[in-house]
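Okay, work13.tsv is below, TSV, C-alpha atoms and all ligand atoms:
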```
chain	number	residue	atom	x	y	z
F	17	MET	CA	-14.39	4.50	13.33
F	18	ASN	CA	-10.60	4.34	13.43
F	19	ILE	CA	-9.25	1.55	11.31
F	20	LEU	CA	-5.64	2.28	12.26
F	21	GLU	CA	-4.24	3.88	15.40
F	22	ALA	CA	-0.52	4.34	15.90
F	23	LYS	CA	0.84	5.72	19.16
F	24	ASN	CA	4.31	6.84	20.24
F	25	LEU	CA	6.05	5.35	17.23
F	26	ASN	CA	9.82	5.47	17.40
F	27	LYS	CA	12.13	3.90	14.88
F	28	TYR	CA	15.91	3.69	15.04
F	29	PHE	CA	18.45	2.64	12.45
F	30	TYR	CA	21.90	1.59	13.62
F	31	ASP	CA	23.85	1.65	10.38
F	32	PRO	CA	26.30	3.40	10.25
F	33	LYS	CA	25.42	4.87	13.69
F	34	LYS	CA	22.31	5.15	15.84
F	35	PHE	CA	19.80	7.39	14.10
F	36	LYS	CA	16.21	8.15	15.05
F	37	ALA	CA	14.23	7.89	11.81
F	38	LEU	CA	10.76	8.31	13.39
F	39	ASP	CA	10.28	10.41	16.48
F	40	ASN	CA	7.26	9.81	18.66
F	41	LEU	CA	4.62	9.74	15.93
F	42	ASP	CA	0.90	9.44	16.62
F	43	LEU	CA	-1.63	9.01	13.86
F	44	THR	CA	-5.10	7.69	13.22
F	45	ILE	CA	-6.83	6.69	10.03
F	46	GLU	CA	-10.58	6.46	9.85
F	47	LYS	CA	-12.42	3.89	7.80
F	48	GLY	CA	-12.94	5.23	4.28
F	49	ASP	CA	-10.27	7.93	4.64
F	50	PHE	CA	-8.05	8.70	1.68
F	51	VAL	CA	-4.82	9.89	3.30
F	52	SER	CA	-1.60	11.07	1.66
F	53	ILE	CA	1.82	11.17	3.31
F	54	THR	CA	4.14	13.86	1.98
F	55	GLY	CA	7.55	15.16	2.92
F	56	LYS	CA	11.04	15.67	1.56
F	57	SER	CA	13.24	12.81	0.45
F	58	GLY	CA	14.75	11.15	3.53
F	59	SER	CA	12.10	12.53	5.91
F	60	GLY	CA	10.86	9.06	6.93
F	61	LYS	CA	7.82	8.43	4.70
F	62	SER	CA	8.80	4.93	3.57
F	63	THR	CA	10.02	4.03	7.05
F	64	LEU	CA	6.60	4.97	8.45
F	65	LEU	CA	4.70	3.07	5.77
F	66	TYR	CA	6.78	-0.08	6.32
F	67	LEU	CA	5.89	0.04	10.01
F	68	LEU	CA	2.19	0.66	9.39
F	69	SER	CA	2.01	-2.12	6.80
F	70	THR	CA	3.63	-4.54	9.31
F	71	MET	CA	6.53	-5.24	6.94
F	72	ASP	CA	9.00	-3.76	9.46
F	73	THR	CA	8.49	-5.17	12.95
F	74	ASP	CA	11.43	-3.48	14.66
F	75	PHE	CA	9.91	-0.38	16.26
F	76	GLU	CA	8.80	1.10	19.58
F	77	GLY	CA	5.20	2.02	20.21
F	78	SER	CA	1.83	0.64	19.28
F	79	ILE	CA	0.09	0.02	15.96
F	80	ASN	CA	-3.50	-1.11	16.22
F	81	ILE	CA	-5.25	-2.12	13.01
F	82	ASN	CA	-8.95	-2.94	13.11
F	83	GLY	CA	-8.71	-3.73	16.82
F	84	SER	CA	-5.58	-5.92	16.65
F	85	GLU	CA	-2.22	-4.86	18.08
F	86	MET	CA	0.73	-5.39	15.72
F	87	GLN	CA	3.53	-4.86	18.23
F	88	GLY	CA	5.08	-8.10	19.47
F	89	ARG	CA	3.47	-10.44	16.91
F	90	ASN	CA	5.51	-13.13	15.24
F	91	ASN	CA	6.31	-13.10	11.53
F	92	SER	CA	3.92	-15.81	10.45
F	93	TRP	CA	0.98	-14.14	12.23
F	94	LEU	CA	1.90	-10.84	10.58
F	95	ALA	CA	2.32	-12.39	7.12
F	96	ASP	CA	-1.16	-13.85	7.40
F	97	PHE	CA	-2.63	-10.58	8.69
F	98	ARG	CA	-0.96	-8.66	5.87
F	99	ASN	CA	-2.20	-11.00	3.18
F	100	LYS	CA	-5.76	-10.71	4.47
F	101	HIS	CA	-6.00	-7.07	5.38
F	102	ILE	CA	-3.33	-4.89	3.79
F	103	GLY	CA	-2.85	-4.22	0.11
F	104	PHE	CA	0.51	-2.73	-0.79
F	105	VAL	CA	1.72	-1.08	-3.98
F	106	PHE	CA	5.41	-0.27	-4.38
F	107	GLN	CA	7.05	2.21	-6.72
F	108	PHE	CA	8.03	-0.77	-8.87
F	109	HIS	CA	5.23	-3.21	-9.65
F	110	PHE	CA	7.05	-6.49	-8.80
F	111	LEU	CA	4.75	-8.58	-10.98
F	112	LEU	CA	5.89	-12.11	-11.80
F	113	PRO	CA	6.95	-11.49	-15.42
F	114	GLU	CA	6.33	-15.01	-16.77
F	115	PHE	CA	2.87	-15.37	-15.23
F	116	SER	CA	-0.26	-14.08	-16.90
F	117	VAL	CA	-1.76	-10.81	-15.73
F	118	LEU	CA	-4.77	-12.71	-14.41
F	119	LYS	CA	-2.62	-15.17	-12.44
F	120	ASN	CA	-0.60	-12.34	-10.92
F	121	VAL	CA	-3.78	-10.71	-9.63
F	122	MET	CA	-5.21	-14.00	-8.33
F	123	LEU	CA	-2.08	-15.16	-6.45
F	124	PRO	CA	-2.63	-13.42	-3.07
F	125	GLY	CA	-6.20	-14.72	-3.16
F	126	LEU	CA	-5.11	-18.29	-3.95
F	127	LYS	CA	-2.72	-18.08	-1.00
F	128	ARG	CA	-5.55	-17.02	1.25
F	129	ALA	CA	-7.96	-19.64	-0.12
F	130	ALA	CA	-11.07	-17.80	1.08
F	131	PHE	CA	-12.87	-18.17	-2.26
F	132	PRO	CA	-13.09	-21.05	-4.75
F	133	PRO	CA	-10.77	-20.44	-7.75
F	134	GLN	CA	-13.62	-19.64	-10.16
F	135	GLU	CA	-15.02	-16.96	-7.90
F	136	LEU	CA	-11.54	-15.56	-7.43
F	137	GLU	CA	-11.00	-15.46	-11.17
F	138	GLN	CA	-14.21	-13.49	-11.61
F	139	LYS	CA	-13.12	-11.10	-8.89
F	140	ALA	CA	-9.72	-10.65	-10.54
F	141	MET	CA	-11.40	-9.95	-13.90
F	142	ASP	CA	-13.71	-7.38	-12.27
F	143	LEU	CA	-10.69	-5.60	-10.77
F	144	LEU	CA	-8.82	-5.65	-14.09
F	145	LYS	CA	-11.90	-4.11	-15.65
F	146	LEU	CA	-12.08	-1.42	-12.99
F	147	LEU	CA	-8.45	-0.60	-13.78
F	148	ASP	CA	-9.09	-0.72	-17.51
F	149	VAL	CA	-6.60	-3.51	-18.26
F	150	GLN	CA	-9.08	-6.38	-18.67
F	151	ASP	CA	-8.11	-6.89	-22.32
F	152	GLN	CA	-4.58	-7.77	-21.13
F	153	ALA	CA	-5.69	-10.49	-18.69
F	154	LEU	CA	-4.26	-13.47	-20.54
F	155	LYS	CA	-0.99	-11.86	-21.60
F	156	ARG	CA	2.28	-12.49	-19.85
F	157	ALA	CA	2.81	-9.63	-17.38
F	158	SER	CA	6.20	-8.74	-18.89
F	159	LEU	CA	4.55	-7.76	-22.19
F	160	LEU	CA	2.58	-4.87	-20.70
F	161	SER	CA	3.70	-1.24	-20.57
F	162	GLY	CA	4.95	0.24	-17.28
F	163	GLY	CA	1.67	2.04	-16.64
F	164	GLN	CA	-0.38	-1.08	-17.36
F	165	GLN	CA	1.82	-3.20	-15.09
F	166	GLN	CA	1.37	-0.74	-12.24
F	167	ARG	CA	-2.41	-0.88	-12.70
F	168	VAL	CA	-2.20	-4.68	-12.55
F	169	ALA	CA	-0.18	-4.36	-9.33
F	170	ILE	CA	-3.00	-2.24	-7.88
F	171	ALA	CA	-5.55	-4.89	-8.89
F	172	ARG	CA	-3.40	-7.50	-7.14
F	173	ALA	CA	-3.25	-5.35	-4.01
F	174	LEU	CA	-7.07	-5.21	-3.98
F	175	ILE	CA	-7.86	-8.88	-4.58
F	176	ASN	CA	-8.36	-9.73	-0.89
F	177	ASP	CA	-10.56	-6.67	-0.19
F	178	PRO	CA	-7.92	-5.08	2.05
F	179	LEU	CA	-8.94	-2.95	5.00
F	180	ILE	CA	-6.30	-0.50	3.85
F	181	LEU	CA	-4.57	-0.01	0.52
F	182	MET	CA	-1.09	1.42	1.02
F	183	GLY	CA	1.26	2.75	-1.63
F	184	ASP	CA	4.86	3.95	-1.47
F	185	GLU	CA	5.17	6.47	-4.31
F	186	PRO	CA	3.10	4.21	-6.57
F	187	THR	CA	3.46	6.62	-9.48
F	188	GLY	CA	7.18	7.24	-8.96
F	189	ASN	CA	8.17	5.23	-12.03
F	190	LEU	CA	5.41	6.45	-14.33
F	191	ASP	CA	5.23	9.18	-16.95
F	192	SER	CA	2.79	12.03	-16.40
F	193	LYS	CA	-0.01	10.43	-18.43
F	194	ASN	CA	0.09	7.19	-16.45
F	195	THR	CA	0.54	9.11	-13.20
F	196	GLY	CA	-2.71	10.92	-14.00
F	197	LEU	CA	-4.47	7.62	-14.77
F	198	VAL	CA	-3.34	6.04	-11.51
F	199	PHE	CA	-4.27	9.12	-9.45
F	200	ASP	CA	-7.72	9.17	-11.08
F	201	LEU	CA	-8.08	5.54	-10.20
F	202	PHE	CA	-7.26	6.14	-6.52
F	203	LYS	CA	-9.84	8.94	-6.50
F	204	LYS	CA	-12.39	6.57	-8.02
F	205	LEU	CA	-11.62	3.83	-5.48
F	206	SER	CA	-12.10	6.37	-2.73
F	207	ALA	CA	-15.31	7.89	-4.11
F	208	GLU	CA	-17.06	4.76	-5.38
F	209	GLN	CA	-15.79	2.00	-3.11
F	210	HIS	CA	-14.88	4.02	0.00
F	211	GLN	CA	-11.57	2.19	-0.02
F	212	THR	CA	-9.39	3.28	2.90
F	213	MET	CA	-6.05	4.37	1.41
F	214	LEU	CA	-2.72	5.61	2.66
F	215	ILE	CA	-0.48	6.80	-0.15
F	216	VAL	CA	3.04	8.22	0.08
F	217	THR	CA	3.65	10.80	-2.63
F	218	HIS	CA	5.75	13.85	-3.24
F	219	ASP	CA	3.16	15.18	-5.68
F	220	GLU	CA	1.61	18.06	-3.75
F	221	GLU	CA	-1.15	18.47	-6.36
F	222	PHE	CA	-2.23	14.89	-5.83
F	223	ALA	CA	-2.05	15.30	-2.05
F	224	LYS	CA	-4.51	18.20	-2.30
F	225	ASN	CA	-7.05	15.77	-3.75
F	226	THR	CA	-6.96	13.48	-0.71
F	227	ASP	CA	-9.12	13.80	2.42
F	228	LYS	CA	-6.14	14.37	4.69
F	229	THR	CA	-2.41	14.91	4.32
F	230	ILE	CA	0.17	13.85	6.87
F	231	HIS	CA	3.33	15.87	6.36
F	232	ILE	CA	6.55	14.36	7.70
F	233	SER	CA	9.77	16.20	8.31
F	234	ASP	CA	12.81	14.71	10.04
F	235	GLY	CA	10.75	11.77	11.28
F	236	ARG	CA	8.06	13.93	12.87
F	237	ILE	CA	4.56	14.96	11.83
F	238	SER	CA	4.68	18.66	11.07
I	301	LIG	P1	11.66	8.84	2.55
I	301	LIG	O1	10.86	7.65	2.16
I	301	LIG	O2	10.87	9.93	3.19
I	301	LIG	O3	12.48	9.38	1.41
I	301	LIG	P2	13.03	6.96	4.29
I	301	LIG	O4	11.95	6.59	5.21
I	301	LIG	O5	13.42	5.99	3.24
I	301	LIG	O6	12.73	8.40	3.66
I	301	LIG	O7	14.34	7.25	5.14
I	301	LIG	C1	14.31	8.06	6.32
I	301	LIG	C2	15.71	8.16	6.88
I	301	LIG	O8	16.12	6.88	7.39
I	301	LIG	C3	16.78	8.57	5.87
I	301	LIG	O9	17.71	9.39	6.53
I	301	LIG	C4	17.41	7.26	5.46
I	301	LIG	O10	18.74	7.44	5.07
I	301	LIG	C5	17.31	6.43	6.74
I	301	LIG	N1	17.20	4.99	6.46
I	301	LIG	C6	16.21	4.38	5.77
I	301	LIG	N2	16.39	3.05	5.75
I	301	LIG	C7	17.53	2.80	6.42
I	301	LIG	C8	18.28	1.63	6.76
I	301	LIG	N3	17.83	0.42	6.39
I	301	LIG	N4	19.42	1.76	7.47
I	301	LIG	C9	19.86	2.99	7.88
I	301	LIG	N5	19.20	4.12	7.60
I	301	LIG	C10	18.07	4.05	6.88
I	302	MG	MG	10.69	6.63	0.35
```

Transcribe the structure of this file into structure tokens.
Ligand code: ADP
Ligand code: MG
Amino acid sequence: MNILEAKNLNKYFYDPKKFKALDNLDLTIEKGDFVSITGKSGSGKSTLLYLLSTMDTDFEGSININGSEMQGRNNSWLADFRNKHIGFVFQFHFLLPEFSVLKNVMLPGLKRAAFPPQELEQKAMDLLKLLDVQDQALKRASLLSGGQQQRVAIARALINDPLILMGDEPTGNLDSKNTGLVFDLFKKLSAEQHQTMLIVTHDEEFAKNTDKTIHISDGRIS
């Protein structure tokens, strides 16, 4: 079953002059797929991921996620859809530094209000355990190391059981040890939880470990 289908995606930037950043892209992602997106710097990887995650709404073409069309939706509908169905991990973790680790992970769930707070707290603790940072739960986020903070960011991205977990170079700020830990974790999420994932990386070794690689060059799939 396709969980995401994108057709005829075109994306233009107009600054400083009209430039076609994505050129007639088609792609599908099946439920449970672990997909990597690779390509040179400037090839359009982030641009594509921002479209597919519904964060950028200014594009031509169609993006259908789990049977819903994203094109033409208003911002509040998309924000709600994103919170429910898409987990996103950036290169930088963007945790709230003064909040506890646990609170950071719970926040998207509190916003959604699908579970009572106690249940949500248990879920957050389970995720922190999965990511091996459970002993940091009550610390302020700013006190953790870079690698730990990124693992907390992944837990936060998973709190609402997203249909798809997306990452834009999620190991880009990490040293090789933490990069290895995070890659192992993605593999575990794929193998044990069948989490559908779409991860931008320029690590070709990592890409080889995924089910499918989409290679982008000059805004096209090649
Ligand atoms: P990648 O993530 O593969 O390194 P990007 O998707 O960030 O590449 O960028 C693709 C192309 O689009 C690049 O040429 C970049 O300069 C251009 N671009 C990205 N964002 C903008 C923007 N906001 N305005 C103008 N050009 C942009
Ligand atoms: Mg990028």

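With all atoms listed in the file as the atoms that count, the set of residues no farther than 10 Å from ligand MG 302 (chain I) is Thr54, Gly55, Lys56, Ser57, Gly58, Ser59, Gly60, Lys61, Ser62, Thr63, Leu64, Leu65, Tyr66, Phe106, Gln107, Asp184, Glu185, Gly188, Val216, Thr217 and His218 of chain F.
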
Produce a file of the selected residues containing C-alpha atoms, as a compact mmCIF listing (two decimals), in the coordinates of the input.
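And here is the file that came out, again04.txt:
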```txt
# COMPACT_ATOMS: atom_id res chain seq x y z
CA THR F 54 4.14 13.86 1.98
CA GLY F 55 7.55 15.16 2.92
CA LYS F 56 11.04 15.67 1.56
CA SER F 57 13.24 12.81 0.45
CA GLY F 58 14.75 11.15 3.53
CA SER F 59 12.10 12.53 5.91
CA GLY F 60 10.86 9.06 6.93
CA LYS F 61 7.82 8.43 4.70
CA SER F 62 8.80 4.93 3.57
CA THR F 63 10.02 4.03 7.05
CA LEU F 64 6.60 4.97 8.45
CA LEU F 65 4.70 3.07 5.77
CA TYR F 66 6.78 -0.08 6.32
CA PHE F 106 5.41 -0.27 -4.38
CA GLN F 107 7.05 2.21 -6.72
CA ASP F 184 4.86 3.95 -1.47
CA GLU F 185 5.17 6.47 -4.31
CA GLY F 188 7.18 7.24 -8.96
CA VAL F 216 3.04 8.22 0.08
CA THR F 217 3.65 10.80 -2.63
CA HIS F 218 5.75 13.85 -3.24
```

Just give me the gap between CA of Val121 (chain F) and CA of Ala171 (chain F) in Å, one decimal is fine.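 Those two atoms sit 6.1 Å apart.
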
Once you add 5 Å to each side, what are the centre and edge lengths of the axis-aligned box holding all listed atoms of ligand LIG 301 (chain I)? One decimal in Å, as JSON, if you can.
```
{"center_x": 15.4, "center_y": 5.2, "center_z": 4.6, "size_x": 19.0, "size_y": 19.5, "size_z": 16.5}
```

Pick from F:Leu112, F:Met17, F:Met86, F:Leu146: nearest to Asp200 (chain F), with all atoms listed in the file counted?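 Once distances to Asp200 (chain F) are computed over all atoms listed in the file, the minimum belongs to F:Leu146.
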
For Pro178 (chain F), which of F:Leu25, F:Met141, F:Ile230, F:Leu214 is the closest residue, counting all atoms listed in the file?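 So, comparing all the options, the nearest one is F:Leu214.
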
In file coordinates, which residues lie within 12 Å of (-6.7, -5.5, 16.4) using all atoms listed in the file, given as a PyMOL selection string? chain F and resi 18-22+78-87+89+94+97+101+179

With a distance cut-off of 8 Å and only C-alpha atoms, select the neighbouring residues of region 117-119 of chain F, excluding the residue or stretch itself and same-chain residues fewer than 4 positions from it, and output the selection as a PyMOL selection string. chain F and resi 123+137+140-141+152-157+168

Just C-alpha atoms for this one: save the residues we selected as a PDB file, in the frame of the given file.
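Result file follows (part_30.pdb):
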```
ATOM      1  CA  LEU F 123      -2.080 -15.160  -6.450  1.00  0.00           C
ATOM      2  CA  GLU F 137     -11.000 -15.460 -11.170  1.00  0.00           C
ATOM      3  CA  ALA F 140      -9.720 -10.650 -10.540  1.00  0.00           C
ATOM      4  CA  MET F 141     -11.400  -9.950 -13.900  1.00  0.00           C
ATOM      5  CA  GLN F 152      -4.580  -7.770 -21.130  1.00  0.00           C
ATOM      6  CA  ALA F 153      -5.690 -10.490 -18.690  1.00  0.00           C
ATOM      7  CA  LEU F 154      -4.260 -13.470 -20.540  1.00  0.00           C
ATOM      8  CA  LYS F 155      -0.990 -11.860 -21.600  1.00  0.00           C
ATOM      9  CA  ARG F 156       2.280 -12.490 -19.850  1.00  0.00           C
ATOM     10  CA  ALA F 157       2.810  -9.630 -17.380  1.00  0.00           C
ATOM     11  CA  VAL F 168      -2.200  -4.680 -12.550  1.00  0.00           C
TER      12      VAL F 168
END
```

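Distances from F:Pro133, F:Gly88, F:Gly196, F:Gly183 to ligand LIG 301 (chain I) were compared using only C-alpha atoms and all ligand atoms, and the smallest one belongs to F:Gly183.
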
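CA of Asn40 (chain F) is found 17.2 Å from atom N2 of ligand LIG 301 (chain I).
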
Quick one, how far is CA of His210 (chain F) from CA of Asp227 (chain F)? 11.6 Å

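Nearest residue to ligand LIG 301 (chain I) among F:Leu197, F:Leu205, F:Ile45, F:Ile53 is F:Ile53, counting only C-alpha atoms and all ligand atoms.
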
Taking into account all atoms listed in the file, which residue in the set F:Asp219, F:Asp148, F:Asp31, F:Asp39 is nearest to ligand LIG 301 (chain I)?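 The shortest atom-to-atom distance to ligand LIG 301 (chain I) comes from F:Asp31.
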
Lys228 (chain F) proximity check over F:Val51, F:Leu160, F:Leu67, F:Ala207, using all atoms listed in the file: winner is F:Val51

Just region 128-154 of chain F, please, as a PDB file, in the first residue's frame (only N, CA, C and O atoms).
```pdb
ATOM      1  N   ARG F 128      -1.900  17.636  20.595  1.00  0.00           N
ATOM      2  CA  ARG F 128      -2.891  16.838  19.890  1.00  0.00           C
ATOM      3  C   ARG F 128      -4.023  16.374  20.804  1.00  0.00           C
ATOM      4  O   ARG F 128      -5.150  16.169  20.356  1.00  0.00           O
ATOM      5  N   ALA F 129      -3.687  16.180  22.075  1.00  0.00           N
ATOM      6  CA  ALA F 129      -4.674  15.812  23.099  1.00  0.00           C
ATOM      7  C   ALA F 129      -5.448  14.531  22.790  1.00  0.00           C
ATOM      8  O   ALA F 129      -6.627  14.418  23.098  1.00  0.00           O
ATOM      9  N   ALA F 130      -4.786  13.565  22.167  1.00  0.00           N
ATOM     10  CA  ALA F 130      -5.459  12.298  21.857  1.00  0.00           C
ATOM     11  C   ALA F 130      -5.394  11.321  23.032  1.00  0.00           C
ATOM     12  O   ALA F 130      -6.206  10.415  23.144  1.00  0.00           O
ATOM     13  N   PHE F 131      -4.412  11.532  23.915  1.00  0.00           N
ATOM     14  CA  PHE F 131      -4.261  10.639  25.068  1.00  0.00           C
ATOM     15  C   PHE F 131      -4.295  11.460  26.346  1.00  0.00           C
ATOM     16  O   PHE F 131      -3.850  12.608  26.353  1.00  0.00           O
ATOM     17  N   PRO F 132      -4.760  10.881  27.455  1.00  0.00           N
ATOM     18  CA  PRO F 132      -4.638  11.585  28.741  1.00  0.00           C
ATOM     19  C   PRO F 132      -3.158  11.752  29.090  1.00  0.00           C
ATOM     20  O   PRO F 132      -2.336  10.912  28.689  1.00  0.00           O
ATOM     21  N   PRO F 133      -2.811  12.843  29.814  1.00  0.00           N
ATOM     22  CA  PRO F 133      -1.399  13.136  30.091  1.00  0.00           C
ATOM     23  C   PRO F 133      -0.604  11.969  30.683  1.00  0.00           C
ATOM     24  O   PRO F 133       0.553  11.777  30.314  1.00  0.00           O
ATOM     25  N   GLN F 134      -1.230  11.171  31.561  1.00  0.00           N
ATOM     26  CA  GLN F 134      -0.443  10.071  32.157  1.00  0.00           C
ATOM     27  C   GLN F 134      -0.024   9.029  31.121  1.00  0.00           C
ATOM     28  O   GLN F 134       1.088   8.516  31.147  1.00  0.00           O
ATOM     29  N   GLU F 135      -0.972   8.741  30.229  1.00  0.00           N
ATOM     30  CA  GLU F 135      -0.689   7.766  29.182  1.00  0.00           C
ATOM     31  C   GLU F 135       0.416   8.293  28.256  1.00  0.00           C
ATOM     32  O   GLU F 135       1.308   7.558  27.843  1.00  0.00           O
ATOM     33  N   LEU F 136       0.310   9.592  27.979  1.00  0.00           N
ATOM     34  CA  LEU F 136       1.296  10.242  27.116  1.00  0.00           C
ATOM     35  C   LEU F 136       2.676  10.205  27.768  1.00  0.00           C
ATOM     36  O   LEU F 136       3.684   9.952  27.108  1.00  0.00           O
ATOM     37  N   GLU F 137       2.703  10.419  29.069  1.00  0.00           N
ATOM     38  CA  GLU F 137       3.986  10.398  29.779  1.00  0.00           C
ATOM     39  C   GLU F 137       4.620   9.013  29.691  1.00  0.00           C
ATOM     40  O   GLU F 137       5.820   8.879  29.451  1.00  0.00           O
ATOM     41  N   GLN F 138       3.787   7.983  29.832  1.00  0.00           N
ATOM     42  CA  GLN F 138       4.299   6.616  29.729  1.00  0.00           C
ATOM     43  C   GLN F 138       4.858   6.351  28.335  1.00  0.00           C
ATOM     44  O   GLN F 138       5.927   5.752  28.169  1.00  0.00           O
ATOM     45  N   LYS F 139       4.125   6.847  27.344  1.00  0.00           N
ATOM     46  CA  LYS F 139       4.549   6.678  25.958  1.00  0.00           C
ATOM     47  C   LYS F 139       5.890   7.394  25.713  1.00  0.00           C
ATOM     48  O   LYS F 139       6.796   6.855  25.073  1.00  0.00           O
ATOM     49  N   ALA F 140       6.002   8.595  26.258  1.00  0.00           N
ATOM     50  CA  ALA F 140       7.243   9.363  26.102  1.00  0.00           C
ATOM     51  C   ALA F 140       8.397   8.619  26.773  1.00  0.00           C
ATOM     52  O   ALA F 140       9.501   8.518  26.219  1.00  0.00           O
ATOM     53  N   MET F 141       8.145   8.056  27.957  1.00  0.00           N
ATOM     54  CA  MET F 141       9.198   7.312  28.660  1.00  0.00           C
ATOM     55  C   MET F 141       9.604   6.070  27.855  1.00  0.00           C
ATOM     56  O   MET F 141      10.785   5.741  27.774  1.00  0.00           O
ATOM     57  N   ASP F 142       8.623   5.400  27.266  1.00  0.00           N
ATOM     58  CA  ASP F 142       8.929   4.211  26.457  1.00  0.00           C
ATOM     59  C   ASP F 142       9.825   4.585  25.273  1.00  0.00           C
ATOM     60  O   ASP F 142      10.764   3.865  24.935  1.00  0.00           O
ATOM     61  N   LEU F 143       9.509   5.725  24.652  1.00  0.00           N
ATOM     62  CA  LEU F 143      10.323   6.169  23.505  1.00  0.00           C
ATOM     63  C   LEU F 143      11.731   6.544  23.952  1.00  0.00           C
ATOM     64  O   LEU F 143      12.711   6.205  23.292  1.00  0.00           O
ATOM     65  N   LEU F 144      11.833   7.227  25.088  1.00  0.00           N
ATOM     66  CA  LEU F 144      13.160   7.604  25.592  1.00  0.00           C
ATOM     67  C   LEU F 144      13.976   6.357  25.892  1.00  0.00           C
ATOM     68  O   LEU F 144      15.188   6.316  25.668  1.00  0.00           O
ATOM     69  N   LYS F 145      13.290   5.314  26.350  1.00  0.00           N
ATOM     70  CA  LYS F 145      13.967   4.057  26.630  1.00  0.00           C
ATOM     71  C   LYS F 145      14.461   3.416  25.327  1.00  0.00           C
ATOM     72  O   LYS F 145      15.611   2.981  25.225  1.00  0.00           O
ATOM     73  N   LEU F 146      13.590   3.404  24.340  1.00  0.00           N
ATOM     74  CA  LEU F 146      13.952   2.858  23.033  1.00  0.00           C
ATOM     75  C   LEU F 146      15.206   3.551  22.488  1.00  0.00           C
ATOM     76  O   LEU F 146      16.051   2.938  21.846  1.00  0.00           O
ATOM     77  N   LEU F 147      15.302   4.858  22.765  1.00  0.00           N
ATOM     78  CA  LEU F 147      16.427   5.642  22.251  1.00  0.00           C
ATOM     79  C   LEU F 147      17.585   5.715  23.239  1.00  0.00           C
ATOM     80  O   LEU F 147      18.551   6.447  23.028  1.00  0.00           O
ATOM     81  N   ASP F 148      17.421   4.971  24.338  1.00  0.00           N
ATOM     82  CA  ASP F 148      18.492   4.860  25.324  1.00  0.00           C
ATOM     83  C   ASP F 148      18.864   6.206  25.968  1.00  0.00           C
ATOM     84  O   ASP F 148      20.035   6.469  26.217  1.00  0.00           O
ATOM     85  N   VAL F 149      17.893   7.037  26.224  1.00  0.00           N
ATOM     86  CA  VAL F 149      18.126   8.290  26.947  1.00  0.00           C
ATOM     87  C   VAL F 149      17.129   8.437  28.107  1.00  0.00           C
ATOM     88  O   VAL F 149      16.892   9.538  28.593  1.00  0.00           O
ATOM     89  N   GLN F 150      16.561   7.311  28.548  1.00  0.00           N
ATOM     90  CA  GLN F 150      15.528   7.383  29.591  1.00  0.00           C
ATOM     91  C   GLN F 150      16.058   7.936  30.910  1.00  0.00           C
ATOM     92  O   GLN F 150      15.329   8.577  31.662  1.00  0.00           O
ATOM     93  N   ASP F 151      17.361   7.715  31.164  1.00  0.00           N
ATOM     94  CA  ASP F 151      17.915   8.210  32.434  1.00  0.00           C
ATOM     95  C   ASP F 151      18.101   9.735  32.424  1.00  0.00           C
ATOM     96  O   ASP F 151      18.454  10.325  33.440  1.00  0.00           O
ATOM     97  N   GLN F 152      17.841  10.370  31.283  1.00  0.00           N
ATOM     98  CA  GLN F 152      17.969  11.830  31.182  1.00  0.00           C
ATOM     99  C   GLN F 152      16.607  12.521  31.251  1.00  0.00           C
ATOM    100  O   GLN F 152      16.538  13.756  31.153  1.00  0.00           O
ATOM    101  N   ALA F 153      15.545  11.745  31.416  1.00  0.00           N
ATOM    102  CA  ALA F 153      14.179  12.266  31.222  1.00  0.00           C
ATOM    103  C   ALA F 153      13.871  13.542  31.998  1.00  0.00           C
ATOM    104  O   ALA F 153      13.185  14.425  31.502  1.00  0.00           O
ATOM    105  N   LEU F 154      14.372  13.636  33.229  1.00  0.00           N
ATOM    106  CA  LEU F 154      13.974  14.775  34.061  1.00  0.00           C
ATOM    107  C   LEU F 154      14.959  15.933  34.019  1.00  0.00           C
ATOM    108  O   LEU F 154      14.745  16.973  34.636  1.00  0.00           O
TER     109      LEU F 154
END
```
